[in-house]
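Pasting my_file.cif here (mmCIF, C-alpha atoms):
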data_target
loop_
_atom_site.group_PDB
_atom_site.id
_atom_site.type_symbol
_atom_site.label_atom_id
_atom_site.label_comp_id
_atom_site.auth_asym_id
_atom_site.auth_seq_id
_atom_site.Cartn_x
_atom_site.Cartn_y
_atom_site.Cartn_z
ATOM 1 C CA MET P 1 2.085 18.692 -21.519
ATOM 2 C CA THR P 2 -0.995 16.542 -21.257
ATOM 3 C CA VAL P 3 -3.232 17.239 -18.312
ATOM 4 C CA ILE P 4 -5.743 14.546 -17.352
ATOM 5 C CA PRO P 5 -9.248 16.078 -17.301
ATOM 6 C CA ARG P 6 -11.547 15.540 -14.351
ATOM 7 C CA PRO P 7 -14.190 13.078 -15.577
ATOM 8 C CA ALA P 8 -17.736 12.732 -14.335
ATOM 9 C CA ASP P 9 -18.306 10.497 -11.345
ATOM 10 C CA LEU P 10 -18.742 6.853 -12.379
ATOM 11 C CA THR P 11 -22.352 7.046 -11.170
ATOM 12 C CA GLY P 12 -23.000 9.823 -13.650
ATOM 13 C CA GLU P 13 -22.877 12.695 -11.179
ATOM 14 C CA PRO P 14 -20.319 15.487 -11.445
ATOM 15 C CA VAL P 15 -17.203 15.021 -9.383
ATOM 16 C CA LYS P 16 -16.671 17.678 -6.750
ATOM 17 C CA GLN P 17 -13.281 19.311 -6.854
ATOM 18 C CA GLU P 18 -11.141 17.788 -4.137
ATOM 19 C CA GLY P 19 -8.238 19.523 -2.462
ATOM 20 C CA CYS P 20 -4.836 18.034 -1.802
ATOM 21 C CA GLY P 21 -1.863 19.354 0.075
ATOM 22 C CA SER P 22 -1.916 23.142 0.254
ATOM 23 C CA CYS P 23 -4.156 23.466 -2.804
ATOM 24 C CA ALA P 24 -7.513 23.567 -0.992
ATOM 25 C CA ALA P 25 -9.089 22.775 2.329
ATOM 26 C CA ALA P 26 -10.983 19.514 2.758
ATOM 27 C CA GLU P 27 -14.629 20.118 1.917
ATOM 28 C CA ASN P 28 -16.214 18.071 4.643
ATOM 29 C CA ALA P 29 -15.460 19.867 7.883
ATOM 30 C CA GLY P 30 -16.601 16.858 9.903
ATOM 31 C CA ARG P 31 -13.971 14.584 8.369
ATOM 32 C CA GLU P 32 -10.710 16.450 8.870
ATOM 33 C CA ASP P 33 -7.729 14.183 9.543
ATOM 34 C CA GLY P 34 -6.143 16.075 12.385
ATOM 35 C CA GLU P 35 -5.776 19.753 13.154
ATOM 36 C CA GLY P 36 -5.095 21.887 10.105
ATOM 37 C CA SER P 37 -5.537 18.957 7.717
ATOM 38 C CA VAL P 38 -6.247 19.649 4.062
ATOM 39 C CA GLN P 39 -6.123 16.031 2.934
ATOM 40 C CA VAL P 40 -8.140 14.789 -0.008
ATOM 41 C CA GLN P 41 -11.529 13.253 0.805
ATOM 42 C CA LEU P 42 -12.722 10.191 -1.089
ATOM 43 C CA ASP P 43 -16.344 9.583 -2.062
ATOM 44 C CA PRO P 44 -17.946 8.127 1.111
ATOM 45 C CA ARG P 45 -20.325 6.065 -1.047
ATOM 46 C CA VAL P 46 -17.463 3.952 -2.378
ATOM 47 C CA GLN P 47 -16.536 1.209 0.059
ATOM 48 C CA ILE P 48 -14.393 -1.819 -0.703
ATOM 49 C CA GLY P 49 -16.755 -4.245 1.021
ATOM 50 C CA THR P 50 -16.066 -7.384 3.038
ATOM 51 C CA ALA P 51 -12.422 -7.980 2.048
ATOM 52 C CA LYS P 52 -9.670 -7.490 4.604
ATOM 53 C CA VAL P 53 -7.677 -4.493 3.441
ATOM 54 C CA PHE P 54 -4.008 -3.812 4.189
ATOM 55 C CA ALA P 55 -2.021 -0.722 3.170
ATOM 56 C CA VAL P 56 1.765 -1.118 2.992
ATOM 57 C CA TYR P 57 3.912 1.979 3.616
ATOM 58 C CA GLY P 58 7.600 2.675 4.155
ATOM 59 C CA LYS P 59 10.559 4.751 3.079
ATOM 60 C CA GLY P 60 11.143 4.974 -0.660
ATOM 61 C CA GLY P 61 13.238 2.046 -1.891
ATOM 62 C CA ILE P 62 12.793 0.021 1.289
ATOM 63 C CA GLY P 63 11.232 -2.932 -0.557
ATOM 64 C CA LYS P 64 7.487 -2.296 -0.247
ATOM 65 C CA SER P 65 6.639 -3.766 -3.640
ATOM 66 C CA THR P 66 8.702 -6.899 -2.997
ATOM 67 C CA THR P 67 7.110 -7.224 0.432
ATOM 68 C CA SER P 68 3.595 -6.603 -0.892
ATOM 69 C CA SER P 69 3.914 -9.070 -3.766
ATOM 70 C CA ASN P 70 5.291 -11.863 -1.608
ATOM 71 C CA LEU P 71 2.671 -11.189 1.054
ATOM 72 C CA SER P 72 -0.045 -11.345 -1.610
ATOM 73 C CA VAL P 73 1.267 -14.716 -2.783
ATOM 74 C CA ALA P 74 1.393 -15.933 0.820
ATOM 75 C CA PHE P 75 -2.278 -15.030 1.244
ATOM 76 C CA SER P 76 -3.069 -16.870 -2.008
ATOM 77 C CA LYS P 77 -1.177 -19.936 -0.730
ATOM 78 C CA LEU P 78 -3.586 -19.887 2.223
ATOM 79 C CA GLY P 79 -6.428 -20.218 -0.252
ATOM 80 C CA LYS P 80 -7.487 -16.558 -0.233
ATOM 81 C CA ARG P 81 -8.618 -14.569 -3.241
ATOM 82 C CA VAL P 82 -6.195 -11.662 -3.387
ATOM 83 C CA LEU P 83 -6.106 -8.314 -5.172
ATOM 84 C CA GLN P 84 -2.954 -6.155 -5.115
ATOM 85 C CA ILE P 85 -3.289 -2.480 -6.025
ATOM 86 C CA GLY P 86 -0.104 -0.604 -6.847
ATOM 87 C CA CYS P 87 -0.288 3.115 -5.994
ATOM 88 C CA ASP P 88 2.918 4.443 -7.504
ATOM 89 C CA PRO P 89 3.223 6.353 -10.811
ATOM 90 C CA LYS P 90 6.088 4.066 -11.893
ATOM 91 C CA HIS P 91 3.545 1.176 -11.725
ATOM 92 C CA ASP P 92 5.959 -1.624 -10.859
ATOM 93 C CA SER P 93 4.247 -2.945 -7.726
ATOM 94 C CA THR P 94 2.957 -6.075 -9.465
ATOM 95 C CA PHE P 95 5.982 -6.562 -11.741
ATOM 96 C CA THR P 96 7.114 -9.856 -10.178
ATOM 97 C CA LEU P 97 3.552 -11.182 -10.147
ATOM 98 C CA THR P 98 2.680 -10.444 -13.792
ATOM 99 C CA LYS P 99 6.244 -10.511 -15.269
ATOM 100 C CA CYS P 100 5.594 -7.180 -17.013
ATOM 101 C CA LEU P 101 4.673 -3.540 -16.408
ATOM 102 C CA VAL P 102 0.911 -3.525 -16.789
ATOM 103 C CA PRO P 103 -0.982 -0.436 -17.999
ATOM 104 C CA THR P 104 -2.312 1.840 -15.294
ATOM 105 C CA VAL P 105 -5.957 2.551 -14.528
ATOM 106 C CA ILE P 106 -5.461 6.236 -15.289
ATOM 107 C CA ASP P 107 -3.841 5.448 -18.662
ATOM 108 C CA ILE P 108 -6.675 3.093 -19.571
ATOM 109 C CA LEU P 109 -9.355 5.594 -18.514
ATOM 110 C CA GLU P 110 -7.644 8.356 -20.473
ATOM 111 C CA SER P 111 -7.611 6.141 -23.584
ATOM 112 C CA VAL P 112 -11.440 6.061 -23.555
ATOM 113 C CA ASN P 113 -11.792 9.711 -22.523
ATOM 114 C CA PHE P 114 -12.849 8.548 -19.053
ATOM 115 C CA HIS P 115 -15.956 6.735 -20.341
ATOM 116 C CA SER P 116 -15.572 3.839 -17.932
ATOM 117 C CA GLU P 117 -18.587 2.028 -19.370
ATOM 118 C CA GLU P 118 -16.449 1.210 -22.413
ATOM 119 C CA LEU P 119 -13.964 -0.766 -20.342
ATOM 120 C CA ARG P 120 -13.923 -4.474 -19.622
ATOM 121 C CA MET P 121 -12.391 -5.895 -16.482
ATOM 122 C CA GLU P 122 -9.545 -7.459 -18.454
ATOM 123 C CA ASP P 123 -8.546 -3.996 -19.702
ATOM 124 C CA PHE P 124 -7.141 -3.028 -16.313
ATOM 125 C CA VAL P 125 -7.024 -6.182 -14.134
ATOM 126 C CA TYR P 126 -4.297 -8.769 -14.744
ATOM 127 C CA GLU P 127 -3.902 -12.197 -13.208
ATOM 128 C CA GLY P 128 -0.510 -12.773 -11.655
ATOM 129 C CA TYR P 129 1.303 -15.670 -10.058
ATOM 130 C CA ASN P 130 -0.887 -18.157 -8.174
ATOM 131 C CA GLY P 131 -4.043 -16.280 -9.119
ATOM 132 C CA VAL P 132 -3.238 -12.965 -7.459
ATOM 133 C CA MET P 133 -5.227 -10.277 -9.285
ATOM 134 C CA CYS P 134 -3.164 -7.180 -10.088
ATOM 135 C CA VAL P 135 -4.086 -3.548 -10.683
ATOM 136 C CA GLU P 136 -1.787 -0.557 -11.112
ATOM 137 C CA ALA P 137 -3.520 2.713 -10.260
ATOM 138 C CA GLY P 138 -0.708 4.847 -11.673
ATOM 139 C CA GLY P 139 -0.691 8.569 -11.082
ATOM 140 C CA PRO P 140 -1.421 11.929 -12.683
ATOM 141 C CA PRO P 141 1.218 13.666 -14.799
ATOM 142 C CA ALA P 142 3.896 15.193 -12.584
ATOM 143 C CA GLY P 143 2.805 18.353 -10.843
ATOM 144 C CA THR P 144 -0.738 18.352 -12.265
ATOM 145 C CA GLY P 145 -2.926 16.260 -10.001
ATOM 146 C CA CYS P 146 -3.512 14.283 -6.847
ATOM 147 C CA GLY P 147 -2.634 10.677 -6.047
ATOM 148 C CA GLY P 148 -5.690 10.432 -3.812
ATOM 149 C CA TYR P 149 -7.960 11.173 -6.749
ATOM 150 C CA VAL P 150 -6.275 8.376 -8.707
ATOM 151 C CA VAL P 151 -6.816 5.919 -5.838
ATOM 152 C CA GLY P 152 -10.466 6.946 -5.620
ATOM 153 C CA GLN P 153 -11.062 6.422 -9.330
ATOM 154 C CA THR P 154 -9.390 3.006 -9.173
ATOM 155 C CA VAL P 155 -11.594 1.776 -6.333
ATOM 156 C CA LYS P 156 -14.706 3.131 -8.072
ATOM 157 C CA LEU P 157 -13.824 1.258 -11.244
ATOM 158 C CA LEU P 158 -13.231 -1.978 -9.338
ATOM 159 C CA LYS P 159 -16.593 -1.573 -7.617
ATOM 160 C CA GLU P 160 -18.354 -0.857 -10.893
ATOM 161 C CA HIS P 161 -17.054 -4.124 -12.352
ATOM 162 C CA HIS P 162 -17.875 -6.063 -9.143
ATOM 163 C CA LEU P 163 -14.290 -7.231 -8.846
ATOM 164 C CA LEU P 164 -14.278 -6.623 -5.106
ATOM 165 C CA ASP P 165 -17.379 -8.762 -4.486
ATOM 166 C CA ASP P 166 -15.417 -12.023 -4.489
ATOM 167 C CA THR P 167 -12.150 -10.764 -3.000
ATOM 168 C CA ASP P 168 -10.886 -11.903 0.412
ATOM 169 C CA VAL P 169 -7.794 -9.696 0.740
ATOM 170 C CA VAL P 170 -6.808 -6.356 -0.791
ATOM 171 C CA VAL P 171 -3.191 -5.182 -0.507
ATOM 172 C CA PHE P 172 -2.439 -1.514 -1.301
ATOM 173 C CA ASP P 173 1.248 -0.925 -2.097
ATOM 174 C CA VAL P 174 1.714 2.804 -1.610
ATOM 175 C CA LEU P 175 4.293 5.299 -2.856
ATOM 176 C CA GLY P 176 7.304 5.885 -0.616
ATOM 177 C CA ASP P 177 7.321 7.831 2.609
ATOM 178 C CA VAL P 178 5.385 10.761 1.149
ATOM 179 C CA VAL P 179 2.333 10.820 3.390
ATOM 180 C CA CYS P 180 0.521 13.729 1.741
ATOM 181 C CA GLY P 181 -3.263 13.673 1.540
ATOM 182 C CA GLY P 182 -3.143 11.963 -1.846
ATOM 183 C CA PHE P 183 -0.999 8.986 -1.042
ATOM 184 C CA ALA P 184 -2.525 8.665 2.408
ATOM 185 C CA ALA P 185 -5.851 7.993 0.648
ATOM 186 C CA PRO P 186 -5.559 4.166 0.808
ATOM 187 C CA LEU P 187 -5.703 4.544 4.598
ATOM 188 C CA GLN P 188 -9.327 5.587 4.166
ATOM 189 C CA HIS P 189 -10.071 2.080 2.863
ATOM 190 C CA ALA P 190 -7.664 -0.034 4.931
ATOM 191 C CA ASP P 191 -8.309 -2.055 8.071
ATOM 192 C CA ARG P 192 -4.635 -2.254 9.017
ATOM 193 C CA ALA P 193 -1.614 -0.278 7.868
ATOM 194 C CA LEU P 194 1.756 -2.043 7.794
ATOM 195 C CA ILE P 195 5.069 -0.188 7.874
ATOM 196 C CA VAL P 196 8.131 -1.651 6.155
ATOM 197 C CA THR P 197 11.434 -0.488 7.619
ATOM 198 C CA ALA P 198 15.113 -1.346 7.790
ATOM 199 C CA ASN P 199 17.333 -1.156 10.854
ATOM 200 C CA ASP P 200 18.644 2.328 10.039
ATOM 201 C CA PHE P 201 17.952 5.928 10.935
ATOM 202 C CA ASP P 202 16.377 7.105 7.661
ATOM 203 C CA SER P 203 13.918 4.210 7.510
ATOM 204 C CA ILE P 204 12.933 4.672 11.142
ATOM 205 C CA PHE P 205 12.548 8.433 10.677
ATOM 206 C CA ALA P 206 10.138 7.740 7.781
ATOM 207 C CA MET P 207 8.340 5.103 9.892
ATOM 208 C CA ASN P 208 7.733 7.699 12.601
ATOM 209 C CA ARG P 209 6.088 10.087 10.130
ATOM 210 C CA ILE P 210 4.014 7.318 8.620
ATOM 211 C CA ALA P 211 2.803 6.255 12.062
ATOM 212 C CA ALA P 212 1.740 9.856 12.703
ATOM 213 C CA ALA P 213 -0.180 9.936 9.407
ATOM 214 C CA ILE P 214 -1.980 6.699 10.239
ATOM 215 C CA GLN P 215 -2.901 8.034 13.679
ATOM 216 C CA ALA P 216 -4.368 11.124 12.029
ATOM 217 C CA LYS P 217 -6.514 8.993 9.715
ATOM 218 C CA ALA P 218 -7.580 6.771 12.610
ATOM 219 C CA LYS P 219 -9.448 9.706 14.123
ATOM 220 C CA ASN P 220 -12.167 9.368 11.493
ATOM 221 C CA TYR P 221 -11.609 6.053 9.713
ATOM 222 C CA LYS P 222 -11.400 2.414 10.749
ATOM 223 C CA VAL P 223 -7.709 2.076 9.836
ATOM 224 C CA ARG P 224 -5.270 1.270 12.618
ATOM 225 C CA VAL P 225 -1.568 0.497 12.709
ATOM 226 C CA GLY P 226 -1.127 -3.258 12.366
ATOM 227 C CA GLY P 227 2.613 -3.432 12.937
ATOM 228 C CA VAL P 228 6.092 -3.271 11.473
ATOM 229 C CA ILE P 229 7.829 -5.486 8.923
ATOM 230 C CA ALA P 230 11.601 -5.407 9.381
ATOM 231 C CA ASN P 231 13.161 -5.748 5.934
ATOM 232 C CA ARG P 232 16.698 -5.955 4.490
ATOM 233 C CA SER P 233 18.197 -6.138 7.967
ATOM 234 C CA ALA P 234 20.411 -8.684 9.696
ATOM 235 C CA ALA P 235 19.610 -7.188 13.099
ATOM 236 C CA THR P 236 16.619 -5.283 14.485
ATOM 237 C CA ASP P 237 18.112 -3.566 17.543
ATOM 238 C CA GLU P 238 17.358 -0.015 16.384
ATOM 239 C CA ILE P 239 13.868 -1.010 15.247
ATOM 240 C CA ASP P 240 13.241 -2.714 18.570
ATOM 241 C CA ARG P 241 14.398 0.351 20.474
ATOM 242 C CA PHE P 242 12.098 2.626 18.484
ATOM 243 C CA CYS P 243 9.133 0.256 18.778
ATOM 244 C CA GLY P 244 9.663 -0.046 22.519
ATOM 245 C CA ARG P 245 9.563 3.737 22.863
ATOM 246 C CA THR P 246 6.544 4.373 20.609
ATOM 247 C CA GLY P 247 4.325 1.346 21.174
ATOM 248 C CA LEU P 248 4.831 -0.267 17.781
ATOM 249 C CA LYS P 249 5.334 -4.016 17.292
ATOM 250 C CA THR P 250 7.352 -6.028 14.760
ATOM 251 C CA LEU P 251 5.253 -8.642 12.961
ATOM 252 C CA ALA P 252 7.912 -10.168 10.697
ATOM 253 C CA HIS P 253 11.648 -10.005 9.980
ATOM 254 C CA ILE P 254 12.719 -10.439 6.350
ATOM 255 C CA ARG P 255 16.496 -10.687 6.422
ATOM 256 C CA ASP P 256 18.934 -9.088 4.008
ATOM 257 C CA LEU P 257 19.204 -12.010 1.592
ATOM 258 C CA ASP P 258 20.699 -11.987 -1.887
ATOM 259 C CA VAL P 259 17.916 -14.285 -3.069
ATOM 260 C CA VAL P 260 15.501 -11.377 -2.664
ATOM 261 C CA ARG P 261 17.557 -9.274 -5.079
ATOM 262 C CA ARG P 262 17.846 -12.200 -7.491
ATOM 263 C CA SER P 263 14.107 -12.803 -7.433
ATOM 264 C CA ARG P 264 13.489 -9.233 -8.634
ATOM 265 C CA LEU P 265 16.000 -9.697 -11.455
ATOM 266 C CA LYS P 266 14.201 -12.882 -12.471
ATOM 267 C CA LYS P 267 10.801 -11.105 -12.437
ATOM 268 C CA ALA P 268 9.723 -13.629 -9.832
ATOM 269 C CA THR P 269 8.342 -13.813 -6.337
ATOM 270 C CA LEU P 270 10.268 -15.696 -3.668
ATOM 271 C CA PHE P 271 7.720 -18.484 -3.963
ATOM 272 C CA GLU P 272 8.990 -19.192 -7.489
ATOM 273 C CA MET P 273 12.676 -19.463 -6.599
ATOM 274 C CA ASP P 274 14.553 -22.755 -6.195
ATOM 275 C CA PRO P 275 13.578 -24.188 -2.786
ATOM 276 C CA THR P 276 16.868 -23.879 -0.925
ATOM 277 C CA ASP P 277 16.829 -23.827 2.876
ATOM 278 C CA GLU P 278 17.232 -20.034 2.748
ATOM 279 C CA VAL P 279 14.315 -19.594 0.357
ATOM 280 C CA ILE P 280 12.046 -21.924 2.325
ATOM 281 C CA ALA P 281 12.818 -19.995 5.503
ATOM 282 C CA VAL P 282 11.812 -16.652 3.995
ATOM 283 C CA GLN P 283 8.723 -18.183 2.373
ATOM 284 C CA ASN P 284 7.673 -19.455 5.790
ATOM 285 C CA GLU P 285 8.192 -15.982 7.261
ATOM 286 C CA TYR P 286 5.754 -14.565 4.725
ATOM 287 C CA LEU P 287 3.272 -17.393 5.245
ATOM 288 C CA GLN P 288 3.357 -16.862 9.007
ATOM 289 C CA LEU P 289 2.832 -13.121 8.482
ATOM 290 C CA ALA P 290 -0.163 -13.793 6.229
ATOM 291 C CA GLU P 291 -1.629 -16.176 8.814
ATOM 292 C CA LYS P 292 -1.232 -13.554 11.563
ATOM 293 C CA LEU P 293 -2.864 -10.856 9.485
ATOM 294 C CA TRP P 294 -5.741 -13.074 8.378
ATOM 295 C CA ALA P 295 -6.401 -14.172 11.948
ATOM 296 C CA GLY P 296 -6.350 -10.505 12.974
ATOM 297 C CA VAL P 297 -3.643 -8.474 14.676
ATOM 298 C CA ASP P 298 -4.498 -6.175 17.554
ATOM 299 C CA PRO P 299 -4.692 -2.496 16.612
ATOM 300 C CA LEU P 300 -1.759 -0.440 17.835
ATOM 301 C CA THR P 301 -1.923 3.141 19.063
ATOM 302 C CA PRO P 302 1.679 4.328 18.797
ATOM 303 C CA THR P 303 2.937 7.637 20.107
ATOM 304 C CA PRO P 304 5.172 9.119 17.376
ATOM 305 C CA LEU P 305 8.280 10.985 18.486
ATOM 306 C CA LYS P 306 9.354 14.526 17.799
ATOM 307 C CA ASP P 307 12.228 14.780 15.326
ATOM 308 C CA ARG P 308 14.716 15.727 18.039
ATOM 309 C CA GLU P 309 13.639 12.730 20.116
ATOM 310 C CA ILE P 310 14.435 10.340 17.260
ATOM 311 C CA PHE P 311 17.927 11.779 16.919
ATOM 312 C CA ASP P 312 18.459 11.430 20.650
ATOM 313 C CA LEU P 313 17.037 7.907 20.766
ATOM 314 C CA LEU P 314 19.210 6.563 17.965
ATOM 315 C CA GLY P 315 22.419 8.088 19.271
ATOM 316 C CA TYR P 316 22.954 11.114 17.066
ATOM 317 C CA ASP P 317 24.743 14.191 18.495
#

What do you get writing this file as structure tokens?
Amino acid sequence: MTVIPRPADLTGEPVKQEGCGSCAAAENAGREDGEGSVQVQLDPRVQIGTAKVFAVYGKGGIGKSTTSSNLSVAFSKLGKRVLQIGCDPKHDSTFTLTKCLVPTVIDILESVNFHSEELRMEDFVYEGYNGVMCVEAGGPPAGTGCGGYVVGQTVKLLKEHHLLDDTDVVVFDVLGDVVCGGFAAPLQHADRALIVTANDFDSIFAMNRIAAAIQAKAKNYKVRVGGVIANRSAATDEIDRFCGRTGLKTLAHIRDLDVVRRSRLKKATLFEMDPTDEVIAVQNEYLQLAEKLWAGVDPLTPTPLKDREIFDLLGYD
């Protein structure tokens, strides 16, 4: 089994060992993310800059990558310079944008023994549809490392190559509903976190946990909940009921359309599909969402429910 070594910091200084999950407590006692937190801490010197940053979360398989990619294209259609960062070890976030599975940052760094000065921007940044720039952070080998460390190294590398200097929008597409310290790390960079959900119990249960994780990060970082994207759902009654109880708000409703499935099979975004009335309608939904987010959505301060309360709310015995 190959274990990725811990390289030196990209500035040349040694990297401090960072804890994740139950492995170690967070080093900086002034930056805990809620009582008892042991979440990974990113280098405070590394900031994304002036771009508006959105982190997309949701239950595994809910359509985050499809949502993120189409949202990125929508931003680009508004004339914005967009960077999408996939934060999933299977590195398929940007698949419909680039038409292939691009190498991950961690794989590229490992290939040069973590000597980042040997890399060129084109080694790890790929241009996708309509000029959207694409990066796949990847992840450590299973069971050997922390996703938060991978996110930190990716942002450092982008800063080192000045890629973020001319970027208007950054979209983080984050792994599933696992809100451990590692995969909550993009929240330390984001302005607004968006939660993708369907109109069903499992998706809403995951949304509740994600909202709690965002609230924990909001204690010490600028990130706030931006709102909910209803996806793969004809109706939104259960989502509406949950949002009404917790203080969340739905920003967009992407219906359960077969054209979405077909676009993935064609390695294409919805903006590349034949312009039927159905396709134009969903394109407009994404464009309106991008316009809302660019203009600025009010920060939400939801009150997550206890597990038993969710069961009671959604009608379970």

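Within the file as shown, the PyMOL selection byres ((chain P and resi 301-305) around 6) identifies Asn208, Ala212, Thr246, Gly247, Leu248, Leu300, Lys306 and Glu309 of chain P.
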
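This file, filtered with the PyMOL selection byres ((chain P and resi 132) around 8), gives the residues Ser72, Val73, Ser76, Arg81, Val82, Leu83, Gln84, Leu97, Glu127, Gly128, Tyr129, Asn130, Gly131, Met133 and Cys134 of chain P.
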
Ala190 in chain P: which residues within 9 Å, counting only C-alpha atoms, same-chain residues fewer than 3 positions away excluded, as a JSON list (two decimals) with C-alpha atoms, in the coordinates of the input?
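Contents of part-v6.json, freshly written:
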[["chain", "number", "residue", "atom", "x", "y", "z"],
["P", 48, "ILE", "CA", -14.39, -1.82, -0.70],
["P", 52, "LYS", "CA", -9.67, -7.49, 4.60],
["P", 53, "VAL", "CA", -7.68, -4.49, 3.44],
["P", 54, "PHE", "CA", -4.01, -3.81, 4.19],
["P", 55, "ALA", "CA", -2.02, -0.72, 3.17],
["P", 170, "VAL", "CA", -6.81, -6.36, -0.79],
["P", 171, "VAL", "CA", -3.19, -5.18, -0.51],
["P", 172, "PHE", "CA", -2.44, -1.51, -1.30],
["P", 186, "PRO", "CA", -5.56, 4.17, 0.81],
["P", 187, "LEU", "CA", -5.70, 4.54, 4.60],
["P", 193, "ALA", "CA", -1.61, -0.28, 7.87],
["P", 221, "TYR", "CA", -11.61, 6.05, 9.71],
["P", 222, "LYS", "CA", -11.40, 2.41, 10.75],
["P", 223, "VAL", "CA", -7.71, 2.08, 9.84],
["P", 224, "ARG", "CA", -5.27, 1.27, 12.62]]

I need the output of the PyMOL selection byres ((chain P and resi 231) around 7) for this file as an MDAnalysis selection string; which residues are they? chainID P and resid 196:198 229:230 232:233 253:256

Could you write out the selected residues, including C-alpha atoms, as an mmCIF file, in the coordinates of the input?
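This went into result.cif:
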data_model
loop_
_atom_site.group_PDB
_atom_site.id
_atom_site.type_symbol
_atom_site.label_atom_id
_atom_site.label_comp_id
_atom_site.auth_asym_id
_atom_site.auth_seq_id
_atom_site.Cartn_x
_atom_site.Cartn_y
_atom_site.Cartn_z
ATOM 1 C CA VAL P 196 8.131 -1.651 6.155
ATOM 2 C CA THR P 197 11.434 -0.488 7.619
ATOM 3 C CA ALA P 198 15.113 -1.346 7.790
ATOM 4 C CA ILE P 229 7.829 -5.486 8.923
ATOM 5 C CA ALA P 230 11.601 -5.407 9.381
ATOM 6 C CA ARG P 232 16.698 -5.955 4.490
ATOM 7 C CA SER P 233 18.197 -6.138 7.967
ATOM 8 C CA HIS P 253 11.648 -10.005 9.980
ATOM 9 C CA ILE P 254 12.719 -10.439 6.350
ATOM 10 C CA ARG P 255 16.496 -10.687 6.422
ATOM 11 C CA ASP P 256 18.934 -9.088 4.008
#

Could you work out an axis-aligned bounding box for all listed atoms of range 125-140 of chain P, with 6 Å added on each of the six sides, and give its centre and edge lengths in Å to one decimal, as AutoDock Vina command-line options?
--center_x -2.9 --center_y -3.1 --center_z -11.1 --size_x 20.3 --size_y 42.1 --size_z 19.3

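The residue that comes closest to Thr94 in chain P, out of P:Asp165, P:Asp173, P:Glu291, P:Asp274 and on the basis of all atoms listed in the file, is P:Asp173.
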
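For the atom pair formed by CA of Val151 in chain P and CA of Val225 in chain P, the distance is 20.0 Å, given to one decimal.
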
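Among the candidates P:Asp312, P:Glu238, P:Asp92, P:Arg192, the residue lying nearest to Val169 in chain P is P:Arg192 (atoms considered: only C-alpha atoms).
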
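Closest to Asp88 in chain P among P:Val125, P:Leu163, P:Leu109, P:Leu175 is P:Leu175, based on all atoms listed in the file.
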
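The two atoms in question, CA of Val228 in chain P and CA of Lys249 in chain P, are spaced 5.9 Å apart.
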
Would you pick out the contacts of Leu158 in chain P at 12 Å or less, using only C-alpha atoms, so that residues sharing its chain but fewer than 2 positions from it are not included, and give the list as a PDB file with C-alpha atoms, keeping the file's coordinate frame?
ATOM      1  CA  LEU P  10     -18.742   6.853 -12.379  1.00  0.00           C
ATOM      2  CA  VAL P  46     -17.463   3.952  -2.378  1.00  0.00           C
ATOM      3  CA  GLN P  47     -16.536   1.209   0.059  1.00  0.00           C
ATOM      4  CA  ILE P  48     -14.393  -1.819  -0.703  1.00  0.00           C
ATOM      5  CA  GLY P  49     -16.755  -4.245   1.021  1.00  0.00           C
ATOM      6  CA  LEU P  83      -6.106  -8.314  -5.172  1.00  0.00           C
ATOM      7  CA  GLN P  84      -2.954  -6.155  -5.115  1.00  0.00           C
ATOM      8  CA  ILE P  85      -3.289  -2.480  -6.025  1.00  0.00           C
ATOM      9  CA  VAL P 105      -5.957   2.551 -14.528  1.00  0.00           C
ATOM     10  CA  SER P 116     -15.572   3.839 -17.932  1.00  0.00           C
ATOM     11  CA  LEU P 119     -13.964  -0.766 -20.342  1.00  0.00           C
ATOM     12  CA  ARG P 120     -13.923  -4.474 -19.622  1.00  0.00           C
ATOM     13  CA  MET P 121     -12.391  -5.895 -16.482  1.00  0.00           C
ATOM     14  CA  GLU P 122      -9.545  -7.459 -18.454  1.00  0.00           C
ATOM     15  CA  ASP P 123      -8.546  -3.996 -19.702  1.00  0.00           C
ATOM     16  CA  PHE P 124      -7.141  -3.028 -16.313  1.00  0.00           C
ATOM     17  CA  VAL P 125      -7.024  -6.182 -14.134  1.00  0.00           C
ATOM     18  CA  MET P 133      -5.227 -10.277  -9.285  1.00  0.00           C
ATOM     19  CA  CYS P 134      -3.164  -7.180 -10.088  1.00  0.00           C
ATOM     20  CA  VAL P 135      -4.086  -3.548 -10.683  1.00  0.00           C
ATOM     21  CA  GLU P 136      -1.787  -0.557 -11.112  1.00  0.00           C
ATOM     22  CA  ALA P 137      -3.520   2.713 -10.260  1.00  0.00           C
ATOM     23  CA  VAL P 151      -6.816   5.919  -5.838  1.00  0.00           C
ATOM     24  CA  GLY P 152     -10.466   6.946  -5.620  1.00  0.00           C
ATOM     25  CA  GLN P 153     -11.062   6.422  -9.330  1.00  0.00           C
ATOM     26  CA  THR P 154      -9.390   3.006  -9.173  1.00  0.00           C
ATOM     27  CA  VAL P 155     -11.594   1.776  -6.333  1.00  0.00           C
ATOM     28  CA  LYS P 156     -14.706   3.131  -8.072  1.00  0.00           C
ATOM     29  CA  GLU P 160     -18.354  -0.857 -10.893  1.00  0.00           C
ATOM     30  CA  HIS P 161     -17.054  -4.124 -12.352  1.00  0.00           C
ATOM     31  CA  HIS P 162     -17.875  -6.063  -9.143  1.00  0.00           C
ATOM     32  CA  LEU P 163     -14.290  -7.231  -8.846  1.00  0.00           C
ATOM     33  CA  LEU P 164     -14.278  -6.623  -5.106  1.00  0.00           C
ATOM     34  CA  ASP P 165     -17.379  -8.762  -4.486  1.00  0.00           C
ATOM     35  CA  ASP P 166     -15.417 -12.023  -4.489  1.00  0.00           C
ATOM     36  CA  THR P 167     -12.150 -10.764  -3.000  1.00  0.00           C
ATOM     37  CA  VAL P 170      -6.808  -6.356  -0.791  1.00  0.00           C
TER      38      VAL P 170
END

note - CA of Ser65 in chain P and CA of Cys87 in chain P are separated by 10.0 Å
